[in-house]
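Note: the block below is data-v7.pdb and it holds PDB, C-alpha atoms and all ligand atoms.
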ATOM      1  CA  MET C   1      90.000  79.907  80.483
ATOM      2  CA  GLU C   2      89.834  76.113  80.804
ATOM      3  CA  THR C   3      89.655  75.122  84.432
ATOM      4  CA  TRP C   4      89.055  72.026  86.503
ATOM      5  CA  ILE C   5      88.045  74.008  89.596
ATOM      6  CA  PRO C   6      84.595  72.876  90.811
ATOM      7  CA  PRO C   7      81.992  75.690  90.732
ATOM      8  CA  ASP C   8      81.105  75.062  94.383
ATOM      9  CA  HIS C   9      84.688  74.991  95.667
ATOM     10  CA  PRO C  10      84.836  77.289  98.730
ATOM     11  CA  ARG C  11      88.101  78.838  97.554
ATOM     12  CA  ARG C  12      87.125  79.075  93.893
ATOM     13  CA  GLU C  13      87.868  82.820  93.531
ATOM     14  CA  SER C  14      91.370  82.469  94.936
ATOM     15  CA  LEU C  15      92.037  79.403  92.780
ATOM     16  CA  LEU C  16      90.817  81.203  89.657
ATOM     17  CA  ILE C  17      93.273  84.030  90.343
ATOM     18  CA  ARG C  18      96.048  81.419  90.532
ATOM     19  CA  GLU C  19      94.896  80.012  87.193
ATOM     20  CA  LYS C  20      95.261  83.455  85.593
ATOM     21  CA  LEU C  21      98.842  83.632  86.799
ATOM     22  CA  VAL C  22      99.631  80.117  85.635
ATOM     23  CA  GLU C  23      98.173  80.980  82.234
ATOM     24  CA  GLY C  24     100.277  84.175  82.210
ATOM     25  CA  PHE C  25     103.310  82.056  83.039
ATOM     26  CA  ARG C  26     102.581  79.672  80.152
ATOM     27  CA  GLU C  27     102.160  82.663  77.798
ATOM     28  CA  GLY C  28     105.577  84.008  78.849
ATOM     29  CA  ILE C  29     104.115  87.057  80.613
ATOM     30  CA  VAL C  30     104.633  86.048  84.252
ATOM     31  CA  VAL C  31     108.035  84.909  85.559
ATOM     32  CA  PRO C  32     108.282  81.896  87.938
ATOM     33  CA  GLN C  33     109.301  84.348  90.664
ATOM     34  CA  GLY C  34     105.969  86.096  90.076
ATOM     35  CA  LEU C  35     104.170  82.925  91.191
ATOM     36  CA  ILE C  36     106.170  82.951  94.424
ATOM     37  CA  ALA C  37     105.466  86.665  94.947
ATOM     38  CA  HIS C  38     101.762  85.957  94.516
ATOM     39  CA  GLY C  39     101.955  83.284  97.217
ATOM     40  CA  ARG C  40     103.287  85.849  99.654
ATOM     41  CA  GLY C  41     100.459  88.172  98.669
ATOM     42  CA  GLU C  42      97.883  85.397  99.159
ATOM     43  CA  CYS C  43      99.143  84.882 102.681
ATOM     44  CA  PHE C  44      98.609  88.552 103.566
ATOM     45  CA  ASP C  45      95.239  88.500 101.815
ATOM     46  CA  TYR C  46      94.249  85.563 104.035
ATOM     47  CA  LEU C  47      95.304  87.557 107.097
ATOM     48  CA  ILE C  48      93.292  90.648 106.139
ATOM     49  CA  GLY C  49      90.232  88.506 105.329
ATOM     50  CA  GLU C  50      90.261  88.656 101.501
ATOM     51  CA  ARG C  51      88.251  91.859 101.338
ATOM     52  CA  THR C  52      88.961  95.548 100.890
ATOM     53  CA  ILE C  53      89.495  96.931 104.378
ATOM     54  CA  GLU C  54      88.749 100.496 105.494
ATOM     55  CA  PRO C  55      92.401 101.682 105.448
ATOM     56  CA  ALA C  56      92.638 100.524 101.821
ATOM     57  CA  ARG C  57      89.482 102.490 100.963
ATOM     58  CA  LYS C  58      91.060 105.648 102.419
ATOM     59  CA  ALA C  59      94.217 105.001 100.386
ATOM     60  CA  ILE C  60      92.182 104.411  97.223
ATOM     61  CA  LYS C  61      90.402 107.753  97.676
ATOM     62  CA  ALA C  62      93.700 109.583  98.251
ATOM     63  CA  SER C  63      95.240 107.804  95.236
ATOM     64  CA  ALA C  64      92.360 108.888  93.019
ATOM     65  CA  ALA C  65      92.824 112.482  94.196
ATOM     66  CA  LEU C  66      96.591 112.400  93.611
ATOM     67  CA  LEU C  67      96.233 110.841  90.162
ATOM     68  CA  LEU C  68      93.630 113.440  89.167
ATOM     69  CA  LEU C  69      95.875 116.270  90.373
ATOM     70  CA  ALA C  70      98.943 114.857  88.587
ATOM     71  CA  ARG C  71     100.313 116.589  85.501
ATOM     72  CA  ARG C  72     101.879 113.420  84.069
ATOM     73  CA  PRO C  73     100.664 110.275  85.819
ATOM     74  CA  VAL C  74     101.988 106.906  84.638
ATOM     75  CA  ILE C  75     100.727 103.401  85.420
ATOM     76  CA  SER C  76     103.559 100.897  85.733
ATOM     77  CA  VAL C  77     102.765  97.340  84.587
ATOM     78  CA  ASN C  78     104.700  94.160  85.425
ATOM     79  CA  GLY C  79     104.140  90.513  84.543
ATOM     80  CA  ASN C  80     101.767  89.756  87.416
ATOM     81  CA  THR C  81      99.530  92.782  86.907
ATOM     82  CA  ALA C  82      99.440  92.190  83.136
ATOM     83  CA  ALA C  83      98.146  88.671  83.857
ATOM     84  CA  LEU C  84      95.734  89.565  86.662
ATOM     85  CA  VAL C  85      94.139  92.898  85.787
ATOM     86  CA  PRO C  86      94.963  93.943  82.207
ATOM     87  CA  GLU C  87      91.456  95.198  81.390
ATOM     88  CA  ASP C  88      91.159  97.196  84.619
ATOM     89  CA  LEU C  89      94.561  98.815  84.043
ATOM     90  CA  ILE C  90      93.401  99.821  80.575
ATOM     91  CA  LYS C  91      90.217 101.337  82.055
ATOM     92  CA  LEU C  92      92.372 103.244  84.524
ATOM     93  CA  SER C  93      94.613 104.451  81.712
ATOM     94  CA  ARG C  94      91.593 105.670  79.716
ATOM     95  CA  GLU C  95      89.909 107.320  82.690
ATOM     96  CA  LEU C  96      93.087 109.300  83.519
ATOM     97  CA  GLY C  97      94.456 109.761  80.019
ATOM     98  CA  ALA C  98      97.655 108.264  81.463
ATOM     99  CA  PRO C  99      99.928 105.826  79.622
ATOM    100  CA  LEU C 100     100.658 102.282  80.743
ATOM    101  CA  GLU C 101     104.379 101.561  80.985
ATOM    102  CA  VAL C 102     105.866  98.080  80.979
ATOM    103  CA  ASN C 103     108.519  98.018  83.701
ATOM    104  CA  LEU C 104     109.984  94.671  84.671
ATOM    105  CA  PHE C 105     112.287  93.427  87.382
ATOM    106  CA  TYR C 106     113.202  90.311  85.367
ATOM    107  CA  ARG C 107     113.284  92.197  82.102
ATOM    108  CA  THR C 108     113.796  90.583  78.732
ATOM    109  CA  ARG C 109     112.947  92.320  75.504
ATOM    110  CA  GLU C 110     110.754  89.419  74.458
ATOM    111  CA  ARG C 111     108.644  89.556  77.635
ATOM    112  CA  ALA C 112     108.308  93.357  77.513
ATOM    113  CA  GLU C 113     107.076  93.066  73.910
ATOM    114  CA  ARG C 114     104.695  90.258  74.807
ATOM    115  CA  ILE C 115     103.126  92.263  77.639
ATOM    116  CA  ALA C 116     102.857  95.399  75.484
ATOM    117  CA  ARG C 117     101.248  93.345  72.689
ATOM    118  CA  LYS C 118      98.713  91.855  75.082
ATOM    119  CA  LEU C 119      97.755  95.298  76.436
ATOM    120  CA  ALA C 120      97.488  96.736  72.929
ATOM    121  CA  MET C 121      95.341  93.796  71.770
ATOM    122  CA  LEU C 122      92.983  94.410  74.678
ATOM    123  CA  GLY C 123      92.610  98.046  73.592
ATOM    124  CA  ALA C 124      95.204  99.995  75.608
ATOM    125  CA  PRO C 125      95.441 103.481  74.071
ATOM    126  CA  ARG C 126      99.174 103.956  74.822
ATOM    127  CA  VAL C 127     101.769 101.450  76.017
ATOM    128  CA  LEU C 128     105.304 102.635  76.753
ATOM    129  CA  GLY C 129     108.393 100.873  78.013
ATOM    130  CA  VAL C 130     109.533  98.657  75.132
ATOM    131  CA  ASP C 131     111.649 100.545  72.535
ATOM    132  CA  ASP C 132     111.616 103.895  74.251
ATOM    133  CA  VAL C 133     113.554 103.096  77.434
ATOM    134  CA  VAL C 134     116.612 104.836  78.864
ATOM    135  CA  GLU C 135     118.594 104.424  82.074
ATOM    136  CA  GLY C 136     116.522 106.905  83.990
ATOM    137  CA  VAL C 137     116.558 105.980  87.670
ATOM    138  CA  PRO C 138     119.937 106.786  89.246
ATOM    139  CA  GLY C 139     121.040 104.567  92.115
ATOM    140  CA  LEU C 140     118.910 101.646  90.938
ATOM    141  CA  SER C 141     120.865  98.705  89.578
ATOM    142  CA  SER C 142     117.956  96.384  88.688
ATOM    143  CA  GLU C 143     116.385  96.292  85.230
ATOM    144  CA  ARG C 144     113.636  98.507  86.600
ATOM    145  CA  ARG C 145     116.011 101.428  86.034
ATOM    146  CA  LEU C 146     115.043 101.270  82.350
ATOM    147  CA  VAL C 147     112.177 103.730  81.998
ATOM    148  CA  SER C 148     110.383 105.378  79.112
ATOM    149  CA  ARG C 149     111.526 108.845  78.041
ATOM    150  CA  GLU C 150     107.875 109.835  77.679
ATOM    151  CA  GLY C 151     106.656 107.936  80.705
ATOM    152  CA  ILE C 152     108.212 107.326  84.105
ATOM    153  CA  LEU C 153     111.245 109.502  83.289
ATOM    154  CA  VAL C 154     109.079 112.609  83.082
ATOM    155  CA  ALA C 155     106.164 111.504  85.292
ATOM    156  CA  ASP C 156     105.248 113.299  88.494
ATOM    157  CA  VAL C 157     103.097 110.450  89.883
ATOM    158  CA  VAL C 158     103.737 106.730  89.315
ATOM    159  CA  LEU C 159     101.341 103.934  90.256
ATOM    160  CA  VAL C 160     103.129 100.650  90.980
ATOM    161  CA  ALA C 161     101.902  97.244  92.130
ATOM    162  CA  LEU C 162     103.760  94.151  93.378
ATOM    163  CA  GLU C 163     106.853  96.248  93.474
ATOM    164  CA  ASP C 164     110.314  95.884  94.957
ATOM    165  CA  GLY C 165     111.315  98.362  97.639
ATOM    166  CA  ASP C 166     114.461  99.449  95.797
ATOM    167  CA  ARG C 167     112.583 101.038  92.940
ATOM    168  CA  THR C 168     110.034 102.757  95.139
ATOM    169  CA  GLU C 169     112.852 104.308  97.172
ATOM    170  CA  ALA C 170     114.781 105.248  94.007
ATOM    171  CA  LEU C 171     111.699 106.850  92.427
ATOM    172  CA  LYS C 172     111.137 108.860  95.595
ATOM    173  CA  ARG C 173     114.759 110.059  95.513
ATOM    174  CA  ILE C 174     114.248 111.549  92.048
ATOM    175  CA  GLY C 175     111.168 113.415  93.188
ATOM    176  CA  LYS C 176     108.305 111.199  92.013
ATOM    177  CA  LYS C 177     105.204 110.650  94.060
ATOM    178  CA  VAL C 178     104.577 106.910  94.325
ATOM    179  CA  ILE C 179     101.284 105.091  94.835
ATOM    180  CA  ALA C 180     101.762 101.389  95.639
ATOM    181  CA  ILE C 181      99.318  98.505  95.702
ATOM    182  CA  ASP C 182     100.806  95.908  98.040
ATOM    183  CA  LEU C 183      99.107  93.342 100.260
ATOM    184  CA  ASN C 184     102.054  93.382 102.652
ATOM    185  CA  PRO C 185     101.818  96.450 104.914
ATOM    186  CA  LEU C 186     105.317  95.698 106.238
ATOM    187  CA  SER C 187     107.122  95.689 102.895
ATOM    188  CA  ARG C 188     109.712  98.346 102.059
ATOM    189  CA  THR C 189     107.532  99.437  99.143
ATOM    190  CA  ALA C 190     104.529  99.851 101.428
ATOM    191  CA  ARG C 191     106.566 101.972 103.808
ATOM    192  CA  ALA C 192     108.399 104.048 101.191
ATOM    193  CA  ALA C 193     105.387 104.928  99.025
ATOM    194  CA  ASP C 194     103.444 108.168  99.466
ATOM    195  CA  ILE C 195     100.198 106.209  99.360
ATOM    196  CA  THR C 196      99.931 102.461  99.942
ATOM    197  CA  ILE C 197      96.799 100.552  99.076
ATOM    198  CA  VAL C 198      96.966  97.401 101.210
ATOM    199  CA  ASP C 199      94.684  95.300  99.047
ATOM    200  CA  ASN C 200      94.752  92.688  96.305
ATOM    201  CA  VAL C 201      95.259  94.241  92.854
ATOM    202  CA  VAL C 202      92.223  92.333  91.631
ATOM    203  CA  ARG C 203      90.016  94.315  94.041
ATOM    204  CA  ALA C 204      92.001  97.552  94.283
ATOM    205  CA  VAL C 205      92.330  98.490  90.622
ATOM    206  CA  PRO C 206      88.575  98.303  89.803
ATOM    207  CA  LEU C 207      87.793 100.289  92.971
ATOM    208  CA  LEU C 208      90.374 102.904  91.990
ATOM    209  CA  VAL C 209      88.723 103.282  88.579
ATOM    210  CA  GLU C 210      85.332 103.812  90.281
ATOM    211  CA  GLU C 211      86.769 106.355  92.743
ATOM    212  CA  ILE C 212      88.349 108.319  89.893
ATOM    213  CA  LYS C 213      84.950 108.486  88.174
ATOM    214  CA  ILE C 214      83.420 109.814  91.414
ATOM    215  CA  LEU C 215      86.113 112.433  92.059
ATOM    216  CA  LYS C 216      86.643 113.477  88.451
ATOM    217  CA  ASN C 217      84.451 116.548  88.641
ATOM    218  CA  ARG C 218      85.721 117.818  91.997
ATOM    219  CA  SER C 219      87.706 121.052  92.127
ATOM    220  CA  ARG C 220      91.488 121.023  92.644
ATOM    221  CA  GLU C 221      90.932 122.489  96.104
ATOM    222  CA  GLU C 222      88.667 119.610  97.102
ATOM    223  CA  LEU C 223      91.180 117.062  95.793
ATOM    224  CA  GLU C 224      94.006 118.802  97.645
ATOM    225  CA  GLU C 225      91.920 118.716 100.816
ATOM    226  CA  ILE C 226      91.581 114.910 100.500
ATOM    227  CA  LEU C 227      95.367 114.630 100.233
ATOM    228  CA  LYS C 228      96.025 116.972 103.157
ATOM    229  CA  SER C 229      94.000 114.797 105.495
ATOM    230  CA  TYR C 230      95.735 111.598 104.351
ATOM    231  CA  ASP C 231      98.539 110.061 106.438
ATOM    232  CA  ASN C 232     100.156 106.940 104.948
ATOM    233  CA  ASN C 233     101.887 105.754 108.129
ATOM    234  CA  LYS C 234      98.589 105.997 109.976
ATOM    235  CA  VAL C 235      96.871 103.970 107.252
ATOM    236  CA  LEU C 236      99.616 101.302 107.381
ATOM    237  CA  GLY C 237      99.254 101.166 111.156
ATOM    238  CA  GLU C 238      95.486 100.732 110.785
ATOM    239  CA  ALA C 239      96.013  97.873 108.337
ATOM    240  CA  LEU C 240      98.321  96.122 110.805
ATOM    241  CA  LEU C 241      95.885  96.700 113.657
ATOM    242  CA  HIS C 242      93.111  95.235 111.509
ATOM    243  CA  ILE C 243      95.190  92.053 111.106
ATOM    244  CA  LYS C 244      96.034  91.954 114.827
ATOM    245  CA  ARG C 245      92.378  92.342 115.900
ATOM    246  CA  ARG C 246      91.181  89.817 113.373
ATOM    247  CA  LEU C 247      93.713  87.231 114.554
ATOM    248  CA  GLU C 248      92.797  87.954 118.173
ATOM    249  CA  GLU C 249      89.096  87.448 117.456
ATOM    250  CA  ILE C 250      89.701  84.197 115.607
ATOM    251  CA  SER C 251      92.036  82.950 118.353
ATOM    252  CA  LEU C 252      89.538  83.733 121.119
ATOM    253  CA  THR C 253      86.685  82.080 119.200
ATOM    254  CA  LEU C 254      88.811  78.976 118.682
ATOM    255  CA  MET C 255      89.852  78.823 122.325
ATOM    256  CA  GLY C 256      86.273  79.398 123.486
ATOM    257  CA  SER C 257      84.863  76.612 121.339
ATOM    258  CA  GLY C 258      87.282  73.961 122.626
ATOM    259  CA  SER C 259      88.278  70.825 120.793
ATOM    260  CA  THR C 260      89.358  68.032 123.099
ATOM    261  CA  ILE C 261      89.966  64.518 121.850
ATOM    262  CA  ALA C 262      87.303  62.120 123.098
ATOM    263  CA  THR C 263      88.756  58.903 124.493
TER     264      THR C 263
HETATM  265  O1  LIG C 301     107.189  90.884  86.194
HETATM  266  P1  LIG C 301     108.446  91.330  86.873
HETATM  267  O2  LIG C 301     109.698  90.851  86.162
HETATM  268  O3  LIG C 301     108.512  92.827  87.070
HETATM  269  O4  LIG C 301     108.508  90.680  88.341
HETATM  270  C1  LIG C 301     107.419  90.883  89.198
HETATM  271  C2  LIG C 301     107.663  90.325  90.626
HETATM  272  C3  LIG C 301     106.311  90.274  91.324
HETATM  273  C4  LIG C 301     108.233  88.908  90.510
HETATM  274  C5  LIG C 301     108.643  91.235  91.375
HETATM  275  O5  LIG C 301     108.166  92.553  91.386
HETATM  276  C6  LIG C 301     108.876  90.771  92.793
HETATM  277  O6  LIG C 301     109.727  89.940  93.061
HETATM  278  O7  LIG C 301     108.080  91.336  93.721
HETATM  279  P2  LIG C 301     108.274  91.116  95.308
HETATM  280  O8  LIG C 301     109.502  91.821  95.753
HETATM  281  O9  LIG C 301     108.110  89.670  95.651
HETATM  282  O10 LIG C 301     107.057  91.928  95.890
HETATM  283  C7  LIG C 301     105.746  91.574  95.622
HETATM  284  C8  LIG C 301     104.861  92.222  96.690
HETATM  285  O11 LIG C 301     103.535  92.224  96.200
HETATM  286  C9  LIG C 301     104.840  91.450  98.017
HETATM  287  O12 LIG C 301     104.862  92.365  99.096
HETATM  288  C10 LIG C 301     103.489  90.704  97.987
HETATM  289  O13 LIG C 301     102.936  90.568  99.277
HETATM  290  C11 LIG C 301     102.645  91.653  97.147
HETATM  291  N1  LIG C 301     101.582  90.956  96.378
HETATM  292  C12 LIG C 301     101.629  89.713  95.845
HETATM  293  N2  LIG C 301     100.482  89.447  95.176
HETATM  294  C13 LIG C 301      99.713  90.548  95.273
HETATM  295  C14 LIG C 301     100.418  91.533  96.032
HETATM  296  N3  LIG C 301      99.906  92.730  96.301
HETATM  297  C15 LIG C 301      98.676  93.001  95.796
HETATM  298  N4  LIG C 301      97.954  92.127  95.057
HETATM  299  C16 LIG C 301      98.436  90.896  94.770
HETATM  300  N5  LIG C 301      97.717  90.031  94.036
END

How does the structure come out when it is put into structure tokens?
Amino acid sequence: METWIPPDHPRRESLLIREKLVEGFREGIVVPQGLIAHGRGECFDYLIGERTIEPARKAIKASAALLLLARRPVISVNGNTAALVPEDLIKLSRELGAPLEVNLFYRTRERAERIARKLAMLGAPRVLGVDDVVEGVPGLSSERRLVSREGILVADVVLVALEDGDRTEALKRIGKKVIAIDLNPLSRTARAADITIVDNVVRAVPLLVEEIKILKNRSREELEEILKSYDNNKVLGEALLHIKRRLEEISLTLMGSGSTIAT
């Protein structure tokens, strides 16, 4: 990727992530609205401190357990995740033997094909959601209602990221378990999902792959035990408290250091 960002720029990592999205936009993978959605995510990432916080680690462990217990897990891919973490999603798909499914809010056939082609070119074993879609999510009027007959329609667990609350709620209504990756702990998706990983997809997906490798050989009983002790509302509350404490600390440090204008 060509970039003008200086190697010593203090916000280089964050700027490089933006570049990936801009490149995805130029390739016709990301929609302009995806750039705006990312900005909202960046803001929450700034508030949590741009690192994977403890509540997210708990959610990642529970997600790994749920995905390993699932009979038919499916990984939903949109424009932003296809631009940001395509290789990691493919690793996740391989590790679980679960298909990737293109599912878009701003769906056009051309963009769905483009995303599927990109994933296939990078080595994805199975990509659904282009020619195989049916109207499979009752009560959902957005294009996200179009789901694969062999994927989300028959899945028991669906992993979503940068999602709209409507679909998460609709998937729950038809009996799916939903795992969401969302930097905003207040979003409807975050609150409706069974497990919410409050973290940036660029950190969360690789960590999820690692956790699945660790838990892969555990018994069903052990995995079920992990899920029994998991409480999503508690984890969301902990994420919010983390933000509150962090802001308090920063505020007190600022106020203690003083900054009067010399005259
Ligand atoms: O590719 P499409 O057509 O499916 O459209 C995708 C977008 C992202 C445009 C669509 O799903 C959308 O509008 O999403 P929302 O409703 O804006 O929700 C995005 C959520 O993801 C917000 O809560 C953001 O805080 C969060 N978010 C943004 N960037 C990241 C993120 N969460 C994790 N990692 C990020 N990098």

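Those residues that approach Glu150 (chain C) to within 10 Å, counting only C-alpha atoms, are Arg72, Val74, Pro99, Glu101, Leu128, Gly129, Asp132, Val133 and Ala155 of chain C; same-chain residues fewer than 5 positions away are not listed.
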
TODO: Pick out the closest residue to ligand LIG 301 (chain C) from this set: C:Leu227, C:Ile48, C:Ile197, C:Leu207. Count all atoms listed in the file.
DONE: C:Ile197

Task: Protein and nucleic acid residues within 8 Å of ligand LIG 301 (chain C) (all atoms listed in the file) as a PyMOL selection string - done: chain C and resi 29-44+77-81+84+103-107+144+161-165+181-187+189-190+198-202

Size and centre in Å, one decimal, axis-aligned box, all listed region 153-159 of chain C atoms plus 3 Å per side, as AutoDock Vina command-line options:
--center_x 106.3 --center_y 108.6 --center_z 86.7 --size_x 15.9 --size_y 15.4 --size_z 13.2

Open item on the list: Taking the file as I've supplied it (selection: the PyMOL selection byres (((chain C and resi 158) around 8) and not hetatm)), which residues are included? Please answer as number ranges by chain.
Closed with: C: 73-76, 152, 155-157, 159-160, 176-179

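The nearest approach to Ala124 (chain C) among the residues C:Lys91, C:Arg12, C:Arg149, C:Arg167, with all atoms listed in the file taken into account, belongs to C:Lys91.
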
Task: Å distance separating CA of Ile226 (chain C) from CA of Ile212 (chain C), one decimal place - done: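 If I compute the distance from CA of Ile226 (chain C) to CA of Ile212 (chain C), I get 12.9 Å.
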
Task: Chain and number of each residue from the PyMOL selection byres (((chain C and resi 56-65) around 8) and not hetatm), as a ChimeraX atom specification - done: /C:52-55,66-69,179,195-199,204,207-208,211-212,215,223-224,226-227,230,232,235,239

TODO: For CA of Lys228 (chain C) and CA of Asp88 (chain C), determine how far apart the two atoms are, in Å to one decimal place.
DONE: 27.5 Å

- [ ] Would you please work out which residue, of C:Ala70, C:Arg246, C:Val205, C:Gly24, is nearest to Val154 (chain C) when using all atoms listed in the file?
- [x]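 The shortest atom-to-atom distance to Val154 (chain C) comes from C:Ala70.
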
TODO: Write out as a VMD selection string each polymer residue whose atoms come within 10 Å of Val134 (chain C), counting all atoms listed in the file; drop sequence neighbours fewer than 2 positions from it.
DONE: chain C and resid 129 131 to 132 136 to 137 145 to 149 153
